[in-house]
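Data from structure_11.cif: mmCIF, C-alpha atoms and all ligand atoms
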data_run
#
loop_
_atom_site.label_atom_id
_atom_site.label_comp_id
_atom_site.auth_asym_id
_atom_site.auth_seq_id
_atom_site.Cartn_x
_atom_site.Cartn_y
_atom_site.Cartn_z
CA MET A 61 14.83 108.44 -5.06
CA LEU A 62 11.36 107.44 -3.90
CA THR A 63 9.71 104.69 -5.92
CA PRO A 64 6.25 105.79 -7.05
CA PRO A 65 3.46 103.68 -5.52
CA PRO A 66 2.08 100.97 -7.81
CA LEU A 67 -1.01 101.73 -9.85
CA VAL A 68 -2.25 98.20 -9.30
CA GLU A 69 -1.35 96.30 -6.18
CA THR A 70 -2.75 93.05 -4.88
CA ARG A 71 -1.81 91.60 -1.54
CA GLY A 72 -2.36 87.97 -0.71
CA LEU A 73 -4.85 87.62 -3.53
CA SER A 74 -6.44 84.18 -3.51
CA PHE A 75 -9.53 83.02 -5.32
CA SER A 76 -11.55 79.84 -5.84
CA TYR A 77 -14.26 78.96 -8.32
CA GLY A 78 -16.54 77.09 -5.94
CA LYS A 79 -14.29 74.69 -4.11
CA ARG A 80 -11.61 74.78 -6.76
CA PRO A 81 -8.68 77.04 -5.76
CA ILE A 82 -7.41 79.06 -8.73
CA LEU A 83 -5.21 81.88 -7.37
CA HIS A 84 -2.82 81.52 -4.45
CA ASP A 85 -1.37 84.52 -2.63
CA VAL A 86 -0.76 86.67 -5.72
CA ASN A 87 1.03 89.95 -4.99
CA LEU A 88 0.98 92.05 -8.14
CA HIS A 89 2.77 95.39 -8.42
CA VAL A 90 2.13 97.35 -11.58
CA PRO A 91 4.22 100.55 -11.58
CA PRO A 92 2.78 103.75 -13.06
CA ALA A 93 3.50 104.37 -16.77
CA SER A 94 4.62 100.78 -17.25
CA ILE A 95 3.59 98.21 -19.81
CA TYR A 96 3.19 95.20 -17.60
CA GLY A 97 3.09 91.86 -19.40
CA PHE A 98 1.14 89.33 -17.39
CA LEU A 99 2.33 86.01 -18.74
CA GLY A 100 1.39 82.44 -18.19
CA PRO A 101 0.31 79.30 -20.00
CA ASN A 102 -3.36 78.63 -20.73
CA GLY A 103 -5.34 78.11 -17.56
CA ALA A 104 -2.71 79.69 -15.28
CA GLY A 105 -5.16 82.26 -13.90
CA LYS A 106 -4.51 85.39 -15.96
CA SER A 107 -8.10 86.13 -16.96
CA THR A 108 -9.32 85.37 -13.45
CA THR A 109 -6.84 87.88 -12.01
CA LEU A 110 -7.75 90.58 -14.54
CA ARG A 111 -11.46 90.02 -13.90
CA ILE A 112 -10.89 90.46 -10.17
CA LEU A 113 -9.05 93.74 -10.82
CA LEU A 114 -12.10 94.91 -12.73
CA GLY A 115 -14.47 93.89 -9.95
CA LEU A 116 -16.13 91.31 -12.21
CA LEU A 117 -15.84 88.36 -9.84
CA PRO A 118 -17.03 87.90 -6.26
CA ALA A 119 -14.73 89.41 -3.62
CA PRO A 120 -11.52 87.38 -3.35
CA ALA A 121 -9.37 86.80 -0.26
CA GLY A 122 -6.68 89.46 0.13
CA SER A 123 -6.78 93.05 -1.04
CA VAL A 124 -6.86 94.81 -4.39
CA GLN A 125 -5.71 98.41 -4.64
CA LEU A 126 -6.01 100.58 -7.72
CA PHE A 127 -4.35 104.01 -7.76
CA GLY A 128 -3.49 103.49 -4.08
CA HIS A 129 -7.11 102.94 -2.94
CA ASP A 130 -9.01 99.86 -1.97
CA LEU A 131 -11.15 98.57 -4.85
CA ALA A 132 -13.82 97.05 -2.60
CA GLN A 133 -14.44 100.40 -0.90
CA HIS A 134 -14.17 102.80 -3.85
CA ARG A 135 -15.29 100.61 -6.71
CA LEU A 136 -17.06 103.10 -8.99
CA PRO A 137 -14.63 106.03 -8.92
CA LEU A 138 -11.63 103.71 -9.29
CA LEU A 139 -13.09 101.70 -12.16
CA GLY A 140 -14.01 104.98 -13.86
CA ARG A 141 -10.27 105.47 -14.39
CA VAL A 142 -9.79 102.06 -16.00
CA GLY A 143 -10.36 101.02 -19.62
CA ALA A 144 -10.65 97.30 -20.33
CA LEU A 145 -10.67 94.86 -23.21
CA ILE A 146 -11.47 91.52 -21.69
CA GLU A 147 -13.10 89.42 -24.36
CA MET A 148 -13.76 90.00 -28.02
CA PRO A 149 -15.24 93.50 -28.05
CA SER A 150 -19.00 93.45 -28.59
CA LEU A 151 -19.48 95.48 -31.74
CA TYR A 152 -22.47 96.16 -33.98
CA ASP A 153 -21.42 94.56 -37.26
CA HIS A 154 -23.99 96.42 -39.37
CA LEU A 155 -22.77 99.83 -38.16
CA ASN A 156 -19.55 101.48 -39.19
CA GLY A 157 -16.62 102.19 -36.86
CA PHE A 158 -17.69 105.76 -36.18
CA GLU A 159 -21.27 104.74 -35.35
CA ASN A 160 -20.03 102.02 -33.00
CA VAL A 161 -17.91 104.44 -31.00
CA GLU A 162 -20.63 107.09 -31.12
CA ALA A 163 -23.19 104.65 -29.65
CA THR A 164 -20.97 103.91 -26.65
CA ARG A 165 -20.01 107.57 -26.23
CA ARG A 166 -23.67 108.60 -25.98
CA LEU A 167 -24.51 105.77 -23.65
CA ARG A 168 -21.75 106.86 -21.30
CA GLY A 169 -22.58 110.56 -21.60
CA LEU A 170 -19.12 111.57 -22.78
CA PRO A 171 -18.26 114.70 -24.80
CA ARG A 172 -18.93 114.54 -28.55
CA HIS A 173 -15.33 115.28 -29.59
CA ARG A 174 -14.10 112.05 -27.94
CA THR A 175 -15.39 109.87 -30.80
CA ALA A 176 -13.07 111.35 -33.44
CA GLU A 177 -10.23 111.57 -30.93
CA VAL A 178 -10.23 107.89 -30.00
CA LEU A 179 -10.64 106.80 -33.63
CA THR A 180 -7.52 108.84 -34.48
CA LEU A 181 -5.70 107.44 -31.49
CA VAL A 182 -6.20 103.83 -32.62
CA GLY A 183 -5.47 104.65 -36.27
CA LEU A 184 -8.98 103.98 -37.58
CA SER A 185 -9.96 107.45 -38.83
CA ALA A 186 -9.58 106.48 -42.47
CA ASP A 187 -11.75 103.36 -41.99
CA ALA A 188 -14.27 104.93 -39.64
CA HIS A 189 -17.03 104.94 -42.25
CA ARG A 190 -16.61 101.34 -43.38
CA PRO A 191 -18.99 98.78 -41.90
CA VAL A 192 -17.43 96.86 -39.05
CA ARG A 193 -18.32 93.54 -40.68
CA ALA A 194 -15.59 94.36 -43.23
CA TYR A 195 -12.96 94.95 -40.52
CA SER A 196 -10.05 92.55 -39.96
CA LEU A 197 -9.63 91.00 -36.52
CA GLY A 198 -6.85 93.48 -35.80
CA MET A 199 -9.09 96.43 -36.72
CA ARG A 200 -11.87 95.04 -34.51
CA GLN A 201 -9.44 94.80 -31.59
CA ARG A 202 -8.34 98.38 -32.17
CA LEU A 203 -11.96 99.50 -32.34
CA GLY A 204 -12.53 97.69 -29.03
CA LEU A 205 -9.59 99.62 -27.64
CA ALA A 206 -11.10 102.86 -28.94
CA LEU A 207 -14.23 102.10 -26.88
CA ALA A 208 -12.07 101.43 -23.82
CA LEU A 209 -10.24 104.73 -24.37
CA LEU A 210 -13.39 106.86 -24.58
CA PRO A 211 -13.35 108.05 -20.95
CA ASP A 212 -9.60 108.76 -21.21
CA PRO A 213 -8.63 106.16 -18.57
CA ASP A 214 -5.25 106.23 -16.79
CA LEU A 215 -4.99 102.45 -16.74
CA LEU A 216 -5.74 99.93 -19.48
CA ILE A 217 -6.37 96.28 -18.63
CA LEU A 218 -6.23 94.09 -21.72
CA ASP A 219 -6.72 90.33 -21.78
CA GLU A 220 -4.70 88.78 -24.62
CA PRO A 221 -5.16 91.75 -26.98
CA THR A 222 -2.94 90.17 -29.64
CA ASN A 223 -4.48 86.70 -29.45
CA GLY A 224 -5.41 85.43 -32.90
CA LEU A 225 -3.97 88.43 -34.75
CA ASP A 226 -1.76 87.96 -37.79
CA PRO A 227 1.82 89.33 -37.67
CA GLN A 228 0.70 92.66 -39.12
CA GLY A 229 -2.11 92.96 -36.59
CA ILE A 230 0.33 92.17 -33.77
CA THR A 231 2.79 94.80 -35.03
CA GLU A 232 0.03 97.44 -35.27
CA MET A 233 -1.31 96.64 -31.82
CA ARG A 234 2.20 96.75 -30.35
CA ALA A 235 2.89 100.15 -31.93
CA LEU A 236 -0.43 101.46 -30.68
CA LEU A 237 0.14 100.30 -27.11
CA LEU A 238 3.65 101.77 -27.08
CA ARG A 239 2.25 105.08 -28.32
CA LEU A 240 -0.42 105.07 -25.63
CA GLN A 241 2.19 104.50 -22.95
CA GLN A 242 4.94 106.79 -24.25
CA GLU A 243 2.95 109.70 -25.67
CA HIS A 244 -0.22 109.56 -23.59
CA GLY A 245 1.20 108.35 -20.28
CA LYS A 246 -1.13 105.36 -19.97
CA THR A 247 -0.26 102.42 -17.76
CA ILE A 248 -1.02 99.17 -19.52
CA LEU A 249 -1.52 95.77 -17.93
CA LEU A 250 -1.90 93.11 -20.59
CA SER A 251 -1.93 89.35 -20.50
CA SER A 252 -0.46 86.90 -22.98
CA HIS A 253 0.53 83.27 -23.11
CA LEU A 254 3.39 84.05 -25.51
CA ILE A 255 6.37 86.04 -24.32
CA SER A 256 7.35 86.71 -27.95
CA GLU A 257 4.22 88.83 -28.39
CA ILE A 258 5.04 91.19 -25.56
CA GLU A 259 8.79 91.14 -25.02
CA ARG A 260 9.41 94.06 -27.37
CA MET A 261 7.03 96.39 -25.58
CA ALA A 262 6.76 95.29 -21.94
CA THR A 263 8.76 97.17 -19.33
CA HIS A 264 7.71 94.80 -16.55
CA VAL A 265 6.71 91.17 -16.46
CA GLY A 266 4.73 88.97 -14.11
CA VAL A 267 4.79 85.24 -14.78
CA ILE A 268 1.93 83.22 -13.35
CA GLN A 269 1.82 79.45 -13.24
CA GLN A 270 -0.96 77.40 -11.68
CA GLY A 271 -2.29 80.46 -9.90
CA ARG A 272 1.05 81.42 -8.33
CA LEU A 273 3.33 84.27 -9.32
CA ALA A 274 6.58 82.62 -10.40
CA PHE A 275 8.40 85.86 -11.28
CA GLN A 276 7.80 89.59 -11.15
CA GLY A 277 10.17 92.36 -12.16
CA THR A 278 11.56 94.28 -15.10
CA VAL A 279 12.28 92.56 -18.40
CA ARG A 280 15.98 93.11 -17.73
CA GLU A 281 15.69 91.36 -14.36
CA LEU A 282 14.02 88.45 -16.08
CA GLN A 283 16.89 88.28 -18.54
CA ARG A 284 19.45 88.53 -15.75
CA GLN A 285 17.78 85.80 -13.72
CA GLN A 286 18.72 83.28 -16.31
CA SER A 287 22.26 84.40 -17.10
CA GLY A 288 23.50 81.50 -14.94
CA ARG A 289 21.93 79.14 -17.44
CA ALA A 290 24.18 80.07 -20.38
CA GLN A 291 25.55 77.12 -22.31
CA VAL A 292 28.53 76.33 -24.48
CA VAL A 293 27.49 75.03 -27.88
CA ILE A 294 30.03 73.07 -29.90
CA GLU A 295 29.64 72.27 -33.60
CA THR A 296 31.72 69.29 -34.62
CA ASP A 297 31.39 66.05 -36.64
CA ASP A 298 30.59 63.46 -34.02
CA ALA A 299 29.02 65.02 -30.91
CA GLU A 300 28.66 61.68 -29.14
CA ARG A 301 32.35 60.94 -29.50
CA CYS A 302 33.32 64.42 -28.31
CA ARG A 303 31.11 64.05 -25.27
CA ASN A 304 33.01 60.94 -24.24
CA LEU A 305 36.30 62.81 -24.56
CA LEU A 306 35.34 65.64 -22.19
CA PRO A 307 36.13 65.55 -18.48
CA LEU A 308 33.07 65.12 -16.29
CA GLU A 309 33.77 68.17 -14.11
CA PHE A 310 32.42 70.34 -16.96
CA GLY A 311 28.98 69.09 -16.16
CA ALA A 312 26.68 66.90 -18.18
CA ALA A 313 27.21 67.52 -21.89
CA ARG A 314 24.13 66.93 -24.03
CA VAL A 315 24.10 65.81 -27.63
CA LEU A 316 21.65 68.16 -29.38
CA ALA A 317 22.22 66.76 -32.88
CA THR A 318 24.74 64.45 -34.58
CA GLY A 319 27.26 67.28 -34.76
CA THR A 320 26.08 69.54 -31.93
CA LEU A 321 27.04 69.28 -28.30
CA ALA A 322 25.98 71.59 -25.44
CA LEU A 323 27.13 71.88 -21.85
CA PRO A 324 26.74 74.42 -19.02
CA TYR A 325 28.94 77.49 -19.46
CA GLN A 326 31.43 78.12 -16.67
CA SER A 327 34.15 80.55 -17.78
CA PRO A 328 36.24 81.75 -20.74
CA GLU A 329 39.01 79.43 -19.53
CA GLN A 330 36.59 76.52 -19.82
CA MET A 331 35.92 77.48 -23.46
CA ALA A 332 39.66 77.62 -24.23
CA TYR A 333 40.22 74.28 -22.54
CA LEU A 334 37.38 72.64 -24.45
CA ALA A 335 38.77 73.85 -27.76
CA GLN A 336 42.23 72.59 -26.91
CA GLU A 337 41.00 69.18 -25.71
CA LEU A 338 38.88 68.49 -28.76
CA VAL A 339 41.40 69.67 -31.32
CA SER A 340 44.25 67.76 -29.69
CA ALA A 341 42.04 64.65 -29.72
CA GLY A 342 41.73 65.11 -33.49
CA GLN A 343 38.10 66.30 -33.53
CA PRO A 344 37.13 69.03 -36.00
CA LEU A 345 35.81 72.18 -34.33
CA TYR A 346 33.54 74.17 -36.64
CA SER A 347 32.32 76.53 -33.96
CA LEU A 348 32.42 77.03 -30.22
CA ARG A 349 30.11 79.65 -28.72
CA CYS A 350 28.45 80.73 -25.50
CA GLU A 351 24.64 81.04 -25.82
CA GLN A 352 22.43 82.95 -23.39
CA PRO A 353 18.95 81.49 -23.07
CA SER A 354 16.34 83.49 -24.95
CA LEU A 355 13.50 85.13 -23.01
CA GLU A 356 11.30 82.43 -24.49
CA GLN A 357 13.45 79.69 -22.93
CA THR A 358 13.55 81.60 -19.65
CA PHE A 359 9.78 81.85 -19.61
CA LEU A 360 9.40 78.14 -20.39
CA HIS A 361 11.92 77.24 -17.71
CA LEU A 362 10.04 79.32 -15.12
CA THR A 363 6.66 77.86 -15.96
CA GLU A 364 8.03 74.32 -16.14
CA ALA A 365 9.95 74.65 -12.90
CA THR A 366 6.90 75.80 -10.93
CA ALA A 367 4.64 73.22 -12.55
CA LEU A 368 6.48 70.43 -10.72
N1 LIG B 1 -16.24 80.45 -14.59
C1 LIG B 1 -15.40 79.50 -14.23
N2 LIG B 1 -15.80 78.48 -13.43
C2 LIG B 1 -14.94 77.51 -13.03
N3 LIG B 1 -13.65 77.45 -13.40
C3 LIG B 1 -13.18 78.43 -14.20
C4 LIG B 1 -14.03 79.49 -14.66
N4 LIG B 1 -13.28 80.32 -15.44
C5 LIG B 1 -12.03 79.77 -15.47
N5 LIG B 1 -11.97 78.66 -14.73
C6 LIG B 1 -10.76 77.82 -14.50
O1 LIG B 1 -9.83 78.60 -13.79
C7 LIG B 1 -8.50 78.32 -14.23
C8 LIG B 1 -7.84 79.61 -14.63
O2 LIG B 1 -8.51 80.12 -15.79
P1 LIG B 1 -8.15 81.51 -16.46
O3 LIG B 1 -9.13 81.74 -17.56
O4 LIG B 1 -8.00 82.55 -15.41
O5 LIG B 1 -6.71 81.19 -17.04
P2 LIG B 1 -5.87 81.98 -18.11
O6 LIG B 1 -4.49 82.03 -17.59
O7 LIG B 1 -6.52 83.27 -18.46
O8 LIG B 1 -5.88 81.01 -19.34
P3 LIG B 1 -6.48 81.21 -20.82
O9 LIG B 1 -5.42 81.92 -21.56
O10 LIG B 1 -6.65 79.79 -21.27
O11 LIG B 1 -7.77 81.94 -20.65
C9 LIG B 1 -8.64 77.32 -15.36
O12 LIG B 1 -8.36 76.05 -14.85
C10 LIG B 1 -10.08 77.44 -15.79
O13 LIG B 1 -10.55 76.21 -16.26
#

Exercise: express the given structure as structure tokens:
Amino acid sequence: MLTPPPLVETRGLSFSYGKRPILHDVNLHVPPASIYGFLGPNGAGKSTTLRILLGLLPAPAGSVQLFGHDLAQHRLPLLGRVGALIEMPSLYDHLNGFENVEATRRLRGLPRHRTAEVLTLVGLSADAHRPVRAYSLGMRQRLGLALALLPDPDLLILDEPTNGLDPQGITEMRALLLRLQQEHGKTILLSSHLISEIERMATHVGVIQQGRLAFQGTVRELQRQQSGRAQVVIETDDAERCRNLLPLEFGAARVLATGTLALPYQSPEQMAYLAQELVSAGQPLYSLRCEQPSLEQTFLHLTEATAL
């Protein structure tokens, strides 16, 4: 089966602010109809990359393609198919939600029916006639998204859309983005510095660290990448003592707490052997389990490893 061409593709993307290099040879591939989580710690270069994709920064080295066409050559028609939420949306606080959307709709010369449509899409119809100054941060973000959705874009580029939202706001935003992808066929590229905020909706992930892409692939591939880092966790009374009883070929065992010991997982036979050794040495064994690293740990490992 042919793989569909990426909706966003950068090749050898490098960028400097003045003399300070920020991005180094970034090759992004955002597949159509994906939710692509662009992850990285603060200062890694996420916003800079997203700004370049929106043509908001001076031309970088390398190429940027949107929808299979070069951004530098076809800027206006390509950006016409993109909706963006890059900073806090600029809203008129004294107007209500409907009036805010209506103002942008008129300015952009879009059909009248779009205003009600986008308000419904982001779940703000019932609050459309309340002044925006009374909106929660989550509602403001959704109103910002409504503005971005006005021209019915194929691609949404969102910089930290869940940043600062409370758990309810995050849940609502996540549900909305999933709906936009699954029911309306939008491709969504969104950045975050927390994998926990995007892991339940992203289909693909790019991890950037110090301006370099440290990983890119599906969420499953990210999970698989770290399966070699599983560890055996032993709950006992005296972890220090147990550590001294274990043969060294099992790798360096680490004392995590007075009664908790961890060492690299090797095989089921290793687990059986460990149990036997400790019990026959008279140590109580309250639990013995194999733990896969969480996505959070995987993400931290990736960003730490490339920071060296
Ligand atoms: N206008 C600018 N002039 C000079 N340096 C900048 C400018 N904007 C950002 N930088 C620097 O570029 C680097 C990357 O910043 P960027 O905002 O892209 O990171 P980020 O991953 O989005 O992080 P954050 O989540 O903190 O915004 C940082 O070191 C930042 O200080």

- Task: Rank A:Leu170, A:Val293, A:Leu136, A:Ile112 by their smallest atom-to-atom distance to ligand LIG 1 (chain B), using all atoms listed in the file, and report the top residue only.
- Result: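 Among A:Leu170, A:Val293, A:Leu136, A:Ile112, it is A:Ile112 that comes nearest to ligand LIG 1 (chain B).
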
- Message: I'd like the contact shell of A:Thr247 - 7 Å cut-off, all atoms listed in the file, skipping same-chain residues fewer than 5 positions apart - returned as a PyMOL selection string.
- Response: chain A and resi 92-95+214-216+241

Please produce an output containing C-alpha atoms for each residue in the selection, written as a PDB file, in the frame of the given file.
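Saved to part-v2.pdb:
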ATOM      1  CA  PRO A  92       2.780 103.750 -13.060  1.00  0.00           C
ATOM      2  CA  ALA A  93       3.500 104.370 -16.770  1.00  0.00           C
ATOM      3  CA  SER A  94       4.620 100.780 -17.250  1.00  0.00           C
ATOM      4  CA  ILE A  95       3.590  98.210 -19.810  1.00  0.00           C
ATOM      5  CA  ASP A 214      -5.250 106.230 -16.790  1.00  0.00           C
ATOM      6  CA  LEU A 215      -4.990 102.450 -16.740  1.00  0.00           C
ATOM      7  CA  LEU A 216      -5.740  99.930 -19.480  1.00  0.00           C
ATOM      8  CA  GLN A 241       2.190 104.500 -22.950  1.00  0.00           C
TER       9      GLN A 241
END

- Task: List all protein, DNA and RNA residues that have any atom at most 6 Å from ligand LIG 1 (chain B), counting all atoms listed in the file, and write the list as an MDAnalysis selection string.
- Result: chainID A and resid 77 82 100 102:108

Take the residues that were just selected and, keeping C-alpha atoms, output them as a PDB file, in the coordinates of the input.
ATOM      1  CA  TYR A  77     -14.260  78.960  -8.320  1.00  0.00           C
ATOM      2  CA  ILE A  82      -7.410  79.060  -8.730  1.00  0.00           C
ATOM      3  CA  GLY A 100       1.390  82.440 -18.190  1.00  0.00           C
ATOM      4  CA  ASN A 102      -3.360  78.630 -20.730  1.00  0.00           C
ATOM      5  CA  GLY A 103      -5.340  78.110 -17.560  1.00  0.00           C
ATOM      6  CA  ALA A 104      -2.710  79.690 -15.280  1.00  0.00           C
ATOM      7  CA  GLY A 105      -5.160  82.260 -13.900  1.00  0.00           C
ATOM      8  CA  LYS A 106      -4.510  85.390 -15.960  1.00  0.00           C
ATOM      9  CA  SER A 107      -8.100  86.130 -16.960  1.00  0.00           C
ATOM     10  CA  THR A 108      -9.320  85.370 -13.450  1.00  0.00           C
TER      11      THR A 108
END

- Message: Just checking: using all atoms listed in the file, which residue out of A:Asp130, A:Glu177, A:Asp297, A:Asp219 ends up closest to A:Arg111?
- Response: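 With all atoms listed in the file as the atom set, the closest residue is A:Asp219.
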
- Item | Distance query A:Ile217 at most 7 Å, only C-alpha atoms, self and fewer than 3 positions along chain excluded, as a ChimeraX atom specification | /A:143-145,248-250

- Message: Please report the interatomic distance between atom CA of A:Lys246 and atom CA of A:Phe98 in Å with one decimal.
- Response: 16.4 Å

- Message: I'd like the neighbourhood of A:Leu83 as number ranges by chain, where a residue qualifies if any of its atoms comes within 8 Å (using all atoms listed in the file), though same-chain residues fewer than 6 positions away should be ignored.
- Response: A: 73-76, 105, 109, 270-272

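The shortest atom-to-atom distance to A:Ala290, with all atoms listed in the file taken into account, belongs to A:Gln326 out of A:Ser185, A:Gln326, A:Thr263, A:Asn160.
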
- Message: Can you tell me which residues surround A:Ser340 at a distance of at most 12 Å, considering only C-alpha atoms, apart from same-chain residues fewer than 6 positions away, and format the answer as a VMD selection string?
- Response: chain A and resid 302 305 to 306 333 to 334

- Task: Please measure the separation of atom CA of A:Ser256 and atom CA of A:Leu88, giving the value in Å to one decimal.
- Result: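 Separation of atom CA of A:Ser256 and atom CA of A:Leu88: 21.5 Å.
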
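Of the residues listed (A:Leu155, A:Val339, A:Leu362, A:Ala322), A:Leu155 shows the shortest atom-to-atom separation from A:Arg190; distances use all atoms listed in the file.
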
- Name the residues in contact with A:Pro101 at a cut-off of 10 Å, using all atoms listed in the file, excluding same-chain residues fewer than 3 positions from it; report them as a PyMOL selection string. chain A and resi 104-106+252-254+267-270+359-360+363-364

- Message: For a test of reading the model, state the distance in Å between atom CA of A:Val192 and atom CA of A:Asn156, rounded to one decimal.
- Response: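 Between atom CA of A:Val192 and atom CA of A:Asn156 the gap works out to 5.1 Å.
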
- Item | Counting only C-alpha atoms, the residue of A:Ala335, A:Val90, A:Pro227, A:Leu99 that sits nearest A:Glu356 |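 Of the candidates, the smallest distance to A:Glu356 is held by A:Leu99.
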
- Query: Using only C-alpha atoms, which of A:Asn87, A:Gln228, A:Gln291, A:Thr164 sits nearest A:Ser150?
  - Reply: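 Closest candidate: A:Thr164.
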
Once 6 Å is added on each side, what are the centre and the three edge lengths, in Å to one decimal, of the axis-aligned box enclosing the listed atoms of stretch 223-234 of chain A? Present them as AutoDock Vina command-line options.
--center_x -1.3 --center_y 91.4 --center_z -34.3 --size_x 20.2 --size_y 24.0 --size_z 21.7
